[in-house]
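Working notes, beginning with the structure itself.
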Amino acid sequence: MRDQKVLIVEDDPLTAETYAEYLARAGAFEVAHTSATARDALAFLALRLRRTGAFGVDMILLDMNLPDGHGLDVLGQLRSAGFTGGVLAMTADTELETIRRSIALGVVQYLVKPFGYQQFAERVRSFRELSVEIEGQGRVDGQEEVDRAFALVRATGPTDLPKGLTEATLNAVVEVLQAADAPRSAGEVGTWVGTSRVTARRYLEYLYRAGMVERSPRYGTPGRPENEYRWNPARRSHPAH
């Protein structure tokens, strides 16, 4: 997949430069333009749309407090014009009304300043993985696939595990899958981590719902059919991290 093109909307030059450095470090991103004002951001995208028939931007890193307007006013105009790309808010604004409006306008991540590279990278990579997951598909197979797509947006930062699951065992399951050279069944994973097949399957299904592993039926084995699981190579960390 091609690098994702990113528009940075940030009035502080040093902060904008830091975002560009973070994107280069995260990999698979290209800064299409940097705007310090709402007017410049709208003008840049309007020009791209007029010349090419497309906005030409996959993701916008959006500050809220711009010198000539609010970031959400910019986003509102873009949505009205048909922009469907991802928007990640990166702001010191923690007003609940701003957060509510952000959700209503389709902001996929809301990162409160100050933050470091790790938090930044988790958010932009999460959106990229979502883009890869849904690219070119006319429809999904059902609710599980919908849940997986939304999990790619939600699964960043610390996450509470379902009742009965522990982070230590989850880490062990993840390590087994990451080291495996072939898909593994719940029984095989349970043997390696020292749990029952039923317990291992709970962890594997949790990881599958979070979009961390791929699941497929195992054919050619006697008895009841079973699933096998493979670590999703697009994922770099699991949801408890």
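By order in the structure tokens, chains are A, B, ...; within a chain, residues start at 1; ligands start at 1, following the order shown.
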Write out as a CSV table (one decimal) with C-alpha atoms, in the first residue's frame which residues come within 10 Å of Phe83 of chain A when counting only C-alpha atoms, dropping same-chain ones fewer than 2 positions away.
```csv
chain,number,residue,atom,x,y,z
A,45,LEU,CA,-7.6,21.4,0.0
A,49,LEU,CA,-10.0,19.4,-5.3
A,54,ALA,CA,-9.9,14.8,-5.1
A,55,PHE,CA,-8.6,16.2,-1.9
A,56,GLY,CA,-5.5,14.1,-2.1
A,57,VAL,CA,-5.1,13.7,1.6
A,58,ASP,CA,-5.8,10.6,3.6
A,75,LEU,CA,-13.5,20.2,9.7
A,76,GLY,CA,-17.2,21.1,9.4
A,77,GLN,CA,-16.6,22.9,6.1
A,78,LEU,CA,-14.5,20.0,4.8
A,79,ARG,CA,-17.1,17.4,5.7
A,80,SER,CA,-19.8,19.5,4.0
A,81,ALA,CA,-17.5,19.6,0.9
A,85,GLY,CA,-10.5,11.1,5.2
A,86,GLY,CA,-9.4,10.5,8.7
```
Excluding Ala200 of chain A and any residue of its chain fewer than 6 positions from it, enumerate the residues within 7 Å of it, using only C-alpha atoms, and give them as an MDAnalysis selection string. chainID A and resid 186 189:190
query: Using the chain letters and numbers from this document, which residues of segment 17-229 of chain A does DSSP assign to strand (DSSP E or B), as a PyMOL selection string?
result: chain A and resi 29-35+59-62+65-66+69-70+86-91+107-112+184-185+213-218+226-229
Keeping N, CA and C atoms, export the residues of the selection given above as a compact mmCIF listing (two decimals), in the first residue's frame.
```
# COMPACT_ATOMS: atom_id res chain seq x y z
N PHE A 29 4.13 7.27 5.91
CA PHE A 29 3.37 8.51 5.85
C PHE A 29 4.18 9.56 5.09
N GLU A 30 3.47 10.44 4.40
CA GLU A 30 4.10 11.53 3.65
C GLU A 30 3.36 12.83 3.95
N VAL A 31 4.08 13.86 4.37
CA VAL A 31 3.46 15.15 4.64
C VAL A 31 3.14 15.82 3.31
N ALA A 32 1.86 16.02 3.05
CA ALA A 32 1.44 16.66 1.81
C ALA A 32 1.54 18.18 1.90
N HIS A 33 1.30 18.71 3.10
CA HIS A 33 1.30 20.16 3.28
C HIS A 33 1.21 20.45 4.77
N THR A 34 1.71 21.61 5.17
CA THR A 34 1.57 22.09 6.54
C THR A 34 0.90 23.45 6.51
N SER A 35 -0.19 23.59 7.25
CA SER A 35 -0.92 24.85 7.32
C SER A 35 -0.86 25.40 8.73
N MET A 59 -5.22 11.79 5.68
CA MET A 59 -5.30 12.05 7.11
C MET A 59 -4.98 13.51 7.39
N ILE A 60 -5.70 14.10 8.34
CA ILE A 60 -5.41 15.46 8.80
C ILE A 60 -5.07 15.41 10.28
N LEU A 61 -3.94 16.00 10.64
CA LEU A 61 -3.59 16.22 12.04
C LEU A 61 -4.04 17.63 12.37
N LEU A 62 -5.06 17.75 13.22
CA LEU A 62 -5.77 19.02 13.37
C LEU A 62 -5.66 19.60 14.76
N ASN A 65 -7.14 25.20 18.23
CA ASN A 65 -7.04 26.64 18.47
C ASN A 65 -6.09 27.28 17.45
N LEU A 66 -6.66 27.66 16.32
CA LEU A 66 -5.90 28.29 15.25
C LEU A 66 -6.05 29.80 15.33
N GLY A 69 -9.40 30.88 13.53
CA GLY A 69 -10.62 30.10 13.62
C GLY A 69 -10.42 28.82 14.42
N HIS A 70 -11.50 28.12 14.61
CA HIS A 70 -11.45 26.87 15.37
C HIS A 70 -11.28 25.69 14.42
N GLY A 86 -9.47 10.58 7.30
CA GLY A 86 -9.35 10.52 8.75
C GLY A 86 -8.86 11.83 9.33
N VAL A 87 -9.39 12.18 10.48
CA VAL A 87 -8.96 13.40 11.18
C VAL A 87 -8.56 13.03 12.59
N LEU A 88 -7.34 13.39 12.97
CA LEU A 88 -6.83 13.13 14.31
C LEU A 88 -6.62 14.48 14.98
N ALA A 89 -7.38 14.74 16.05
CA ALA A 89 -7.24 15.99 16.79
C ALA A 89 -6.00 15.91 17.68
N MET A 90 -5.17 16.95 17.62
CA MET A 90 -3.98 17.03 18.45
C MET A 90 -3.98 18.41 19.07
N THR A 91 -4.42 18.49 20.33
CA THR A 91 -4.79 19.78 20.88
C THR A 91 -4.69 19.77 22.40
N VAL A 107 -14.05 12.73 14.08
CA VAL A 107 -12.64 12.67 14.51
C VAL A 107 -12.38 11.26 15.05
N VAL A 108 -11.34 10.60 14.52
CA VAL A 108 -11.12 9.20 14.89
C VAL A 108 -10.19 9.04 16.09
N GLN A 109 -9.38 10.05 16.38
CA GLN A 109 -8.52 10.02 17.57
C GLN A 109 -8.44 11.43 18.13
N TYR A 110 -8.33 11.53 19.45
CA TYR A 110 -8.25 12.83 20.12
C TYR A 110 -7.09 12.76 21.10
N LEU A 111 -5.99 13.38 20.73
CA LEU A 111 -4.76 13.28 21.51
C LEU A 111 -4.49 14.62 22.19
N VAL A 112 -4.42 14.60 23.53
CA VAL A 112 -4.28 15.83 24.31
C VAL A 112 -2.80 16.17 24.50
N ARG A 184 -1.51 -21.30 14.79
CA ARG A 184 -1.61 -22.22 15.93
C ARG A 184 -3.05 -22.34 16.39
N SER A 185 -3.41 -23.51 16.87
CA SER A 185 -4.74 -23.73 17.42
C SER A 185 -4.76 -23.33 18.89
N VAL A 213 -5.04 -10.55 15.75
CA VAL A 213 -4.71 -11.83 15.13
C VAL A 213 -5.69 -12.12 14.00
N GLU A 214 -5.26 -12.98 13.09
CA GLU A 214 -6.11 -13.47 12.01
C GLU A 214 -6.60 -14.87 12.38
N ARG A 215 -7.84 -15.16 12.06
CA ARG A 215 -8.43 -16.45 12.41
C ARG A 215 -8.93 -17.15 11.15
N SER A 216 -8.69 -18.45 11.07
CA SER A 216 -9.17 -19.22 9.92
C SER A 216 -9.44 -20.65 10.36
N PRO A 217 -10.34 -21.36 9.68
CA PRO A 217 -10.61 -22.75 10.05
C PRO A 217 -9.44 -23.65 9.67
N ARG A 218 -9.17 -24.63 10.49
CA ARG A 218 -8.11 -25.60 10.19
C ARG A 218 -8.77 -26.84 9.57
N GLU A 226 -11.76 -26.99 14.16
CA GLU A 226 -11.25 -25.97 15.07
C GLU A 226 -10.63 -24.84 14.26
N ASN A 227 -10.48 -23.71 14.93
CA ASN A 227 -9.85 -22.56 14.30
C ASN A 227 -8.37 -22.53 14.60
N GLU A 228 -7.63 -21.86 13.75
CA GLU A 228 -6.23 -21.59 14.01
C GLU A 228 -6.00 -20.09 13.90
N TYR A 229 -4.96 -19.63 14.58
CA TYR A 229 -4.75 -18.19 14.74
C TYR A 229 -3.33 -17.83 14.34
```
- Find the residues near Leu170 of chain A: any atom within 10 Å, counting only C-alpha atoms, skip ones fewer than 2 places away on the same chain, and give them as a list of chain:residue names. A:Leu161, A:Leu165, A:Thr166, A:Glu167, A:Ala168, A:Ala172, A:Val173, A:Val174, A:Glu175, A:Val176, A:Val193, A:Ala200, A:Arg202, A:Tyr203, A:Leu204, A:Tyr206, A:Leu207, A:His238, A:Pro239, A:Ala240
Neighbour list for Thr18 of chain A as a VMD selection string, cut-off 12 Å, only C-alpha atoms, skip fewer than 6 positions in-chain: chain A and resid 8 10 12 24 to 25 31 34 114 to 117 120
Checklist line | Polymer residues at most 8 Å from Ala121 of chain A, only C-alpha atoms, same-chain spacing of 5 or more positions, as a list in words | finding: Tyr22, Leu23 and Ala26 of chain A
Practice prompt. Kindly indicate which residue among A:Gly194, A:Gly82, A:Pro183, A:Pro67 lies nearest to Ala46 of chain A, using only C-alpha atoms for the distances.
Written response: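 For Ala46 of chain A, the nearest of the candidates is A:Gly82.
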- Item | Residue among A:Arg100, A:Lys113, A:Arg51, A:Arg39 lying closest to Val74 of chain A, counting only C-alpha atoms |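 Checking each candidate against Val74 of chain A, we get A:Arg39 as the closest.
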Report task. List every residue of segment 21-61 of chain A that DSSP, applied to the backbone of this structure, assigns to alpha helix (DSSP H), and report them as an NGL selection string. Result -> :A and (21-26 or 38-52)
